[in-house]
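Shown next: structure.cif, containing mmCIF, C-alpha atoms.
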```cif
data_structure
loop_
_atom_site.label_atom_id
_atom_site.label_comp_id
_atom_site.auth_asym_id
_atom_site.auth_seq_id
_atom_site.Cartn_x
_atom_site.Cartn_y
_atom_site.Cartn_z
CA TYR A 39 -116.30 61.29 -59.29
CA LEU A 40 -113.31 58.97 -59.65
CA VAL A 41 -110.93 61.35 -57.86
CA ALA A 42 -113.43 61.95 -55.05
CA GLU A 43 -113.88 58.20 -54.60
CA LEU A 44 -110.13 57.55 -54.53
CA ARG A 45 -109.69 60.17 -51.81
CA LEU A 46 -111.64 57.88 -49.47
CA ASP A 47 -108.97 55.19 -49.83
CA SER A 48 -105.44 56.55 -49.34
CA GLN A 49 -103.73 53.37 -50.59
CA ARG A 50 -105.66 53.23 -53.86
CA HIS A 51 -105.15 56.98 -54.36
CA HIS A 52 -101.40 56.50 -53.99
CA GLN A 53 -101.40 53.59 -56.42
CA TYR A 54 -103.45 55.51 -59.00
CA PHE A 55 -101.71 58.91 -58.88
CA ARG A 56 -98.35 57.82 -57.35
CA MET A 57 -98.78 60.33 -54.52
CA SER A 58 -100.97 60.96 -51.49
CA ALA A 59 -104.07 63.17 -51.62
CA GLU A 60 -102.22 65.69 -49.41
CA LYS A 61 -99.28 65.89 -51.82
CA MET A 62 -101.68 66.23 -54.75
CA ASP A 63 -103.44 69.13 -52.98
CA GLU A 64 -100.06 70.77 -52.37
CA LEU A 65 -99.13 70.34 -56.02
CA LEU A 66 -102.48 71.82 -57.09
CA SER A 67 -101.93 74.86 -54.85
CA ILE A 68 -98.55 75.44 -56.56
CA ILE A 69 -99.51 75.02 -60.23
CA GLY A 70 -103.28 75.63 -60.05
CA PRO A 71 -103.18 79.23 -61.35
CA GLU A 72 -101.13 78.11 -64.37
CA VAL A 73 -103.68 75.50 -65.48
CA THR A 74 -106.80 77.61 -64.83
CA ARG A 75 -108.75 78.83 -67.85
CA GLN A 76 -111.70 81.24 -68.12
CA ASN A 77 -115.23 79.99 -68.69
CA THR A 78 -116.81 81.18 -71.94
CA ASN A 79 -120.37 81.68 -73.12
CA TYR A 80 -120.12 78.40 -75.00
CA ARG A 81 -118.63 76.05 -72.42
CA ALA A 82 -117.31 75.79 -68.87
CA ALA A 83 -113.54 75.41 -68.59
CA ILE A 84 -112.03 72.17 -67.25
CA GLU A 85 -111.30 72.55 -63.53
CA PRO A 86 -107.59 72.74 -62.56
CA LYS A 87 -107.88 69.67 -60.31
CA GLN A 88 -109.25 67.63 -63.22
CA ARG A 89 -106.47 68.79 -65.53
CA LEU A 90 -103.94 67.82 -62.86
CA ALA A 91 -105.60 64.41 -62.37
CA VAL A 92 -105.41 63.70 -66.12
CA GLY A 93 -101.77 64.84 -66.35
CA LEU A 94 -100.65 62.80 -63.35
CA ARG A 95 -102.52 59.71 -64.50
CA TYR A 96 -100.86 59.93 -67.92
CA LEU A 97 -97.42 59.97 -66.27
CA ALA A 98 -98.32 57.32 -63.69
CA SER A 99 -99.96 54.78 -65.98
CA GLY A 100 -98.42 55.20 -69.41
CA ASP A 101 -101.95 54.81 -70.84
CA SER A 102 -102.63 56.27 -74.27
CA LEU A 103 -104.27 59.69 -74.54
CA ILE A 104 -107.30 58.08 -76.20
CA SER A 105 -107.68 55.62 -73.31
CA LEU A 106 -107.53 58.49 -70.80
CA ALA A 107 -110.10 60.43 -72.82
CA PHE A 108 -112.55 57.51 -72.48
CA ASN A 109 -111.80 57.05 -68.78
CA TYR A 110 -112.35 60.72 -67.92
CA ARG A 111 -115.13 61.27 -70.47
CA LEU A 112 -113.21 64.10 -72.09
CA GLY A 113 -112.22 64.84 -75.67
CA HIS A 114 -108.88 63.57 -76.98
CA THR A 115 -107.64 67.14 -77.62
CA THR A 116 -108.69 68.23 -74.12
CA VAL A 117 -106.71 65.38 -72.56
CA MET A 118 -103.65 66.12 -74.71
CA ASN A 119 -103.81 69.83 -73.86
CA SER A 120 -104.20 69.01 -70.15
CA VAL A 121 -101.07 66.83 -70.19
CA HIS A 122 -99.09 69.56 -71.97
CA MET A 123 -100.40 72.30 -69.65
CA VAL A 124 -99.61 70.36 -66.45
CA CYS A 125 -96.05 69.52 -67.59
CA ALA A 126 -95.43 73.12 -68.71
CA ALA A 127 -96.78 74.49 -65.42
CA ILE A 128 -94.59 72.15 -63.34
CA GLU A 129 -91.53 73.19 -65.34
CA LYS A 130 -92.33 76.91 -65.13
CA VAL A 131 -93.39 77.21 -61.48
CA MET A 132 -91.46 74.43 -59.68
CA MET A 133 -88.08 74.38 -61.44
CA GLN A 134 -86.58 77.14 -59.28
CA THR A 135 -87.53 75.36 -56.05
CA PHE A 136 -87.10 71.66 -56.84
CA LEU A 137 -84.43 71.65 -59.59
CA PRO A 138 -82.55 74.93 -59.07
CA ARG A 139 -79.19 75.84 -60.59
CA PRO A 140 -76.62 74.58 -58.03
CA THR A 141 -74.47 77.09 -56.15
CA GLU A 142 -71.02 76.53 -54.66
CA ASP A 143 -72.65 75.89 -51.25
CA THR A 144 -74.98 73.31 -52.84
CA TRP A 145 -72.04 71.44 -54.36
CA LYS A 146 -70.22 71.45 -50.99
CA GLU A 147 -73.30 69.93 -49.33
CA VAL A 148 -73.54 67.27 -52.07
CA ALA A 149 -69.85 66.39 -51.69
CA GLN A 150 -70.21 66.15 -47.90
CA ARG A 151 -73.21 63.79 -48.22
CA PHE A 152 -71.33 61.55 -50.68
CA TRP A 153 -68.47 61.28 -48.20
CA GLU A 154 -70.76 60.57 -45.23
CA LYS A 155 -73.07 58.13 -46.99
CA TRP A 156 -70.96 56.44 -49.68
CA ASN A 157 -67.35 57.09 -48.55
CA PHE A 158 -66.38 58.80 -51.78
CA PRO A 159 -64.65 62.19 -51.31
CA ASN A 160 -64.90 65.34 -53.43
CA CYS A 161 -67.88 63.94 -55.38
CA LEU A 162 -70.38 66.33 -56.97
CA GLY A 163 -72.71 63.59 -58.17
CA ALA A 164 -73.15 60.40 -60.16
CA ILE A 165 -73.84 60.85 -63.87
CA ASP A 166 -75.61 58.59 -66.36
CA GLY A 167 -77.89 58.77 -69.37
CA LYS A 168 -81.01 56.82 -70.35
CA HIS A 169 -83.07 56.49 -73.52
CA ILE A 170 -86.68 57.68 -73.45
CA VAL A 171 -88.33 55.70 -76.25
CA ILE A 172 -90.66 57.73 -78.48
CA GLN A 173 -92.85 57.17 -81.50
CA ALA A 174 -90.94 58.07 -84.66
CA PRO A 175 -91.80 61.71 -85.44
CA PRO A 176 -92.98 62.36 -89.01
CA LEU A 177 -90.26 63.39 -91.47
CA SER A 178 -87.54 63.07 -88.80
CA GLY A 179 -85.36 60.64 -90.80
CA SER A 180 -82.65 59.20 -88.54
CA LEU A 181 -82.59 62.20 -86.19
CA TYR A 182 -83.95 60.32 -83.14
CA PHE A 183 -82.84 56.82 -84.24
CA ASN A 184 -80.46 55.01 -81.85
CA TYR A 185 -78.25 51.92 -81.81
CA LYS A 186 -81.06 49.80 -80.30
CA LYS A 187 -83.01 50.45 -83.51
CA THR A 188 -85.70 52.48 -81.75
CA PHE A 189 -86.44 56.19 -81.77
CA SER A 190 -85.58 57.97 -78.55
CA ILE A 191 -84.38 61.09 -76.83
CA VAL A 192 -81.67 61.02 -74.17
CA LEU A 193 -82.09 62.02 -70.53
CA LEU A 194 -78.70 62.78 -68.98
CA ALA A 195 -78.71 63.35 -65.22
CA LEU A 196 -76.40 64.18 -62.34
CA VAL A 197 -77.73 62.76 -59.06
CA ASP A 198 -76.71 63.44 -55.44
CA ALA A 199 -76.14 60.93 -52.62
CA ASP A 200 -79.86 60.90 -51.70
CA TYR A 201 -81.22 60.07 -55.22
CA ARG A 202 -82.13 63.70 -55.94
CA PHE A 203 -81.69 65.05 -59.47
CA ARG A 204 -79.32 68.03 -59.37
CA CYS A 205 -78.73 68.69 -63.09
CA ILE A 206 -80.47 67.25 -66.11
CA GLN A 207 -80.22 67.54 -69.86
CA VAL A 208 -83.01 66.07 -71.94
CA GLY A 209 -83.13 66.20 -75.72
CA ASP A 210 -82.62 69.83 -76.62
CA PHE A 211 -83.57 71.10 -73.18
CA GLY A 212 -80.06 71.35 -71.75
CA ARG A 213 -78.93 73.70 -74.50
CA ARG A 214 -81.83 76.08 -74.15
CA SER A 215 -82.12 76.06 -70.35
CA ASP A 216 -78.72 77.66 -69.69
CA GLY A 217 -79.62 81.12 -70.93
CA GLY A 218 -76.06 81.37 -72.23
CA ASN A 219 -74.59 81.10 -68.71
CA ASN A 220 -72.54 77.92 -68.30
CA THR A 221 -70.96 78.83 -64.93
CA LEU A 222 -71.50 75.97 -62.51
CA HIS A 223 -69.81 77.52 -59.42
CA VAL A 224 -67.82 74.36 -58.70
CA PRO A 225 -65.98 74.51 -55.34
CA PRO A 226 -62.19 75.01 -55.41
CA ARG A 227 -59.78 72.10 -55.17
CA THR A 228 -59.40 70.60 -51.72
CA SER A 229 -57.41 67.82 -50.06
CA LEU A 230 -58.82 64.31 -49.64
CA PRO A 231 -59.82 63.27 -46.10
CA GLY A 232 -56.76 61.89 -44.30
CA ALA A 233 -54.48 62.50 -47.31
CA ALA A 234 -53.42 66.14 -47.09
CA GLN A 235 -49.91 65.11 -48.21
CA LEU A 236 -51.28 64.46 -51.72
CA GLY A 237 -52.16 68.13 -52.12
CA ASP A 238 -55.42 69.61 -53.33
CA VAL A 239 -57.43 67.67 -55.91
CA PRO A 240 -60.49 68.73 -57.95
CA HIS A 241 -64.11 67.82 -57.29
CA VAL A 242 -65.43 65.21 -59.71
CA MET A 243 -68.48 63.43 -61.08
CA VAL A 244 -68.52 59.61 -61.10
CA GLY A 245 -69.71 57.57 -64.07
CA ASP A 246 -69.44 54.09 -65.57
CA ALA A 247 -66.99 52.88 -68.20
CA ALA A 248 -68.97 54.64 -70.96
CA PHE A 249 -67.75 58.03 -69.68
CA PRO A 250 -64.26 59.40 -70.39
CA LEU A 251 -61.59 59.83 -67.74
CA LYS A 252 -61.18 63.59 -67.18
CA PRO A 253 -59.99 65.85 -64.34
CA TYR A 254 -63.69 66.41 -63.53
CA SER A 255 -64.95 62.87 -64.33
CA MET A 256 -63.91 59.58 -62.68
CA ARG A 257 -64.60 56.13 -64.15
CA PRO A 258 -63.62 52.60 -63.04
CA TYR A 259 -60.24 51.06 -63.85
CA PRO A 260 -60.76 48.81 -66.91
CA GLY A 261 -59.90 45.11 -66.98
CA HIS A 262 -60.38 42.13 -64.67
CA ASN A 263 -57.06 41.11 -63.10
CA LEU A 264 -56.62 44.30 -61.10
CA ILE A 265 -54.33 44.83 -58.12
CA ALA A 266 -55.98 45.24 -54.72
CA ARG A 267 -55.98 49.05 -54.53
CA LYS A 268 -57.57 49.34 -57.98
CA ARG A 269 -60.26 46.80 -57.03
CA ILE A 270 -60.98 48.79 -53.86
CA PHE A 271 -61.21 52.01 -55.87
CA ASN A 272 -63.64 50.38 -58.36
CA TYR A 273 -65.77 49.11 -55.47
CA ARG A 274 -65.96 52.57 -53.89
CA LEU A 275 -66.71 54.24 -57.21
CA SER A 276 -69.39 51.65 -58.07
CA ARG A 277 -71.08 52.20 -54.71
CA ALA A 278 -71.17 55.96 -55.29
CA ARG A 279 -72.28 55.54 -58.91
CA MET A 280 -75.23 53.28 -58.05
CA VAL A 281 -77.20 56.28 -56.76
CA VAL A 282 -77.88 57.41 -60.33
CA GLU A 283 -79.07 53.92 -61.35
CA ASN A 284 -81.35 53.89 -58.31
CA ALA A 285 -82.65 57.38 -59.07
CA PHE A 286 -83.62 56.30 -62.60
CA GLY A 287 -85.19 53.15 -61.11
CA ILE A 288 -87.32 55.24 -58.73
CA LEU A 289 -88.23 57.66 -61.55
CA ALA A 290 -89.45 54.85 -63.84
CA SER A 291 -91.21 53.10 -60.96
CA LEU A 292 -93.12 56.28 -60.09
CA TRP A 293 -93.92 57.25 -63.67
CA ARG A 294 -94.71 54.18 -65.78
CA ILE A 295 -94.83 56.33 -68.91
CA PHE A 296 -91.06 55.64 -69.14
CA HIS A 297 -91.78 51.94 -69.68
CA ARG A 298 -93.83 52.76 -72.79
CA ARG A 299 -93.19 54.18 -76.24
CA ILE A 300 -94.30 57.81 -75.83
CA ASN A 301 -96.47 59.07 -78.65
CA LEU A 302 -95.87 62.82 -78.30
CA HIS A 303 -93.85 65.37 -80.27
CA PRO A 304 -90.18 65.29 -79.11
CA GLN A 305 -90.44 68.84 -77.78
CA ASN A 306 -93.34 67.77 -75.55
CA VAL A 307 -91.43 64.65 -74.46
CA ASP A 308 -88.58 66.95 -73.36
CA ARG A 309 -91.02 68.90 -71.22
CA LEU A 310 -92.62 65.73 -69.85
CA ALA A 311 -89.21 64.36 -68.80
CA VAL A 312 -88.30 67.61 -67.05
CA ALA A 313 -91.66 67.66 -65.24
CA ALA A 314 -91.18 64.02 -64.16
CA CYS A 315 -87.73 64.80 -62.72
CA ILE A 316 -89.09 67.82 -60.84
CA LEU A 317 -91.96 65.71 -59.45
CA HIS A 318 -89.40 63.04 -58.46
CA ASN A 319 -87.59 65.64 -56.32
CA PHE A 320 -90.91 67.01 -55.01
CA LEU A 321 -92.04 63.54 -53.83
CA LEU A 322 -88.66 62.18 -52.69
CA ALA A 323 -88.96 60.56 -49.25
CA PRO A 324 -86.30 58.28 -47.69
CA GLY A 325 -88.97 55.89 -46.39
CA GLU A 326 -90.43 55.41 -49.87
CA ASN A 327 -87.16 54.82 -51.75
CA VAL A 328 -86.69 51.17 -50.75
CA ARG A 329 -90.28 50.27 -51.68
CA LEU A 330 -89.99 52.02 -55.06
CA LEU A 331 -86.69 50.29 -55.83
CA GLU A 332 -88.22 46.91 -55.01
CA GLU A 333 -91.17 47.81 -57.24
CA ALA A 334 -88.75 48.74 -60.03
CA GLU A 335 -87.05 45.32 -59.70
CA GLU A 336 -90.41 43.55 -59.95
CA LEU A 337 -91.39 45.57 -63.02
CA GLY A 338 -88.13 44.82 -64.84
CA GLY A 339 -87.59 46.46 -68.22
CA HIS A 340 -85.43 49.32 -66.93
CA MET A 341 -84.87 52.43 -69.03
CA ALA A 342 -82.28 51.57 -71.69
CA PRO A 343 -78.76 52.89 -70.97
CA VAL A 344 -77.17 55.26 -73.46
#
```
Could I get this structure in the form of structure tokens?
Amino acid sequence: YLVAELRLDSQRHHQYFRMSAEKMDELLSIIGPEVTRQNTNYRAAIEPKQRLAVGLRYLASGDSLISLAFNYRLGHTTVMNSVHMVCAAIEKVMMQTFLPRPTEDTWKEVAQRFWEKWNFPNCLGAIDGKHIVIQAPPLSGSLYFNYKKTFSIVLLALVDADYRFRCIQVGDFGRRSDGGNNTLHVPPRTSLPGAAQLGDVPHVMVGDAAFPLKPYSMRPYPGHNLIARKRIFNYRLSRARMVVENAFGILASLWRIFHRRINLHPQNVDRLAVAACILHNFLLAPGENVRLLEEAEELGGHMAPV
């Protein structure tokens, strides 16, 4: 009844599920078969659209599973299973379309967009990591304990010029998602625009001062009393690097679960984070980005940097 009522008011529907009714229908058409279960002689199965509603509301609100169970008049286990099923279905069915393994052509497009939009050449993306705070798992010791004295897993992401996640590693996910193939098909070295005399230089990622300086990774010049050309370089790099901060801001603004301590098993938090990043790419719209960033500023309490 709640979902049907919200469909009559597009603004409230968007506030509640963080997407329009049309986008939710599209999402249901993609993952519906994966969250459909057979009816039995003892009980009727939960409808796919209700499972999706529960899963999206969990991500969007950060409410506890028990609270959602009361709101939807479902059992606690049913709600928990629905959240896990929706996240697993998004990862399984949508990964190839909305978070695919980049090809050489993809990297060239990303580099071209960084040059056009942020005036930084040969850039394959901005990289950063954030803590996803979790409830301490039983018998985990100091495994998930971090310097902020909370338990967390790390979401590391490479973001393009338009706030789209291109590569992610979350908890253990990055190690098991490669299938043993670590080839990234990075484009060959090329000259910088207007500076062919310097010869060919490699493509790079840009990060903040926490990242090392490598042939494939650029960071700002350290210190304060810098000469003019170093200050200009730091300004350009900072402009390019801000896309990853903004992408995390949009992600946490869309899915308020990242402002809470998540009380799920770490393996399920990995899957939830992957699903949230895929949904971020699925919903990404230039017209919405400014509003979501303003919303993120109002909320405060950004995801903690690594």
List, as number ranges by chain, every residue that the PyMOL selection byres ((chain A and resi 274-281) around 6) selects in the file provided. A: 156, 164, 201, 244, 271-273, 282-284
For the structure shown, which residues end up in the PyMOL selection byres ((chain A and resi 243) around 8)? Put them as number ranges by chain, please? A: 161-165, 241-242, 244-245, 254-256
Ile300 in chain A surroundings by only C-alpha atoms, 7 Å radius, close-in-sequence under 4 positions cut, as a VMD selection string: chain A and resid 171 to 173
Excluding Pro175 in chain A and its own-chain neighbours fewer than 6 positions away, which residues fall within 12 Å of it when counting all atoms listed in the file? Please give them as a ChimeraX atom specification. /A:181-183,188-191,299-307
Export, as a CSV table (one decimal), in the frame of the given file, the selected residues with C-alpha atoms.
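Okay, this is what ended up in result-v8.csv:
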```
chain,number,residue,atom,x,y,z
A,181,LEU,CA,-82.6,62.2,-86.2
A,182,TYR,CA,-84.0,60.3,-83.1
A,183,PHE,CA,-82.8,56.8,-84.2
A,188,THR,CA,-85.7,52.5,-81.8
A,189,PHE,CA,-86.4,56.2,-81.8
A,190,SER,CA,-85.6,58.0,-78.6
A,191,ILE,CA,-84.4,61.1,-76.8
A,299,ARG,CA,-93.2,54.2,-76.2
A,300,ILE,CA,-94.3,57.8,-75.8
A,301,ASN,CA,-96.5,59.1,-78.6
A,302,LEU,CA,-95.9,62.8,-78.3
A,303,HIS,CA,-93.8,65.4,-80.3
A,304,PRO,CA,-90.2,65.3,-79.1
A,305,GLN,CA,-90.4,68.8,-77.8
A,306,ASN,CA,-93.3,67.8,-75.6
A,307,VAL,CA,-91.4,64.6,-74.5
```
Protein/DNA/RNA residues near (-94.1, 56.0, -70.2), cut 12 Å, only C-alpha atoms, as a compact mmCIF listing (two decimals) with C-alpha atoms, keeping the file's coordinate frame:
```txt
# COMPACT_ATOMS: atom_id res chain seq x y z
CA LEU A 94 -100.65 62.80 -63.35
CA ARG A 95 -102.52 59.71 -64.50
CA TYR A 96 -100.86 59.93 -67.92
CA LEU A 97 -97.42 59.97 -66.27
CA ALA A 98 -98.32 57.32 -63.69
CA SER A 99 -99.96 54.78 -65.98
CA GLY A 100 -98.42 55.20 -69.41
CA ASP A 101 -101.95 54.81 -70.84
CA SER A 102 -102.63 56.27 -74.27
CA LEU A 103 -104.27 59.69 -74.54
CA HIS A 169 -83.07 56.49 -73.52
CA ILE A 170 -86.68 57.68 -73.45
CA VAL A 171 -88.33 55.70 -76.25
CA ILE A 172 -90.66 57.73 -78.48
CA GLN A 173 -92.85 57.17 -81.50
CA LEU A 289 -88.23 57.66 -61.55
CA ALA A 290 -89.45 54.85 -63.84
CA SER A 291 -91.21 53.10 -60.96
CA LEU A 292 -93.12 56.28 -60.09
CA TRP A 293 -93.92 57.25 -63.67
CA ARG A 294 -94.71 54.18 -65.78
CA ILE A 295 -94.83 56.33 -68.91
CA PHE A 296 -91.06 55.64 -69.14
CA HIS A 297 -91.78 51.94 -69.68
CA ARG A 298 -93.83 52.76 -72.79
CA ARG A 299 -93.19 54.18 -76.24
CA ILE A 300 -94.30 57.81 -75.83
CA ASN A 301 -96.47 59.07 -78.65
CA LEU A 302 -95.87 62.82 -78.30
CA VAL A 307 -91.43 64.65 -74.46
CA LEU A 310 -92.62 65.73 -69.85
CA ALA A 311 -89.21 64.36 -68.80
CA ALA A 314 -91.18 64.02 -64.16
CA GLY A 339 -87.59 46.46 -68.22
CA HIS A 340 -85.43 49.32 -66.93
CA MET A 341 -84.87 52.43 -69.03
```
Quick one: residues within 12 Å of (-110.3, 61.7, -69.6) (file frame), counting all atoms listed in the file, please, as a PyMOL selection string. chain A and resi 39-41+84+88-96+101-121
Shell around Asn160 in chain A at 10 Å using only C-alpha atoms, local window under 4 positions removed, as a PyMOL selection string: chain A and resi 145-146+148-153+225+227-231+239-243
What's the separation between CA of Gln53 in chain A and CA of Glu326 in chain A, in Å to one decimal place?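 One can read the CA of Gln53 in chain A to CA of Glu326 in chain A distance as 12.9 Å.
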Please provide the set of residues having any atom within 9 Å of Gly70 in chain A, restricted to only C-alpha atoms, with same-chain residues fewer than 5 positions apart removed, written as a short mmCIF file (atom, residue, chain, number, x, y, z; two decimals) with C-alpha atoms, in the coordinates of the input.
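File written: result-v7.cif
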```cif
data_model
loop_
_atom_site.label_atom_id
_atom_site.label_comp_id
_atom_site.auth_asym_id
_atom_site.auth_seq_id
_atom_site.Cartn_x
_atom_site.Cartn_y
_atom_site.Cartn_z
CA LEU A 65 -99.13 70.34 -56.02
CA PRO A 86 -107.59 72.74 -62.56
CA LYS A 87 -107.88 69.67 -60.31
CA LEU A 90 -103.94 67.82 -62.86
CA ALA A 127 -96.78 74.49 -65.42
#
```
To one decimal in Å, tell me the separation between CA of Val224 in chain A and CA of Glu142 in chain A.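 We find that CA of Val224 in chain A and CA of Glu142 in chain A lie 5.6 Å from each other.
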Length of the CA of Leu330 in chain A to CA of His52 in chain A vector [Å]: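 A separation of 12.3 Å between them.
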Env of Arg202 in chain A: 9 Å cut, atoms = all atoms listed in the file, seq-sep filter 2 positions within chain, self excluded. Answer as a PyMOL selection string. chain A and resi 196-200+204+281-282+285+315+318-319+322
Applying the PyMOL selection byres ((chain A and resi 128-141) around 8) to the file I just gave you, which residues come out? Please list them as number ranges by chain. A: 68-69, 124-127, 142-145, 203-205, 222-224, 309, 312-313, 316-317, 319-320
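Minimum atom-to-atom distance to Ala247 in chain A, evaluated using only C-alpha atoms, belongs to A:Gly261 out of A:Ala82, A:Lys155, A:Gly261, A:Ser58.
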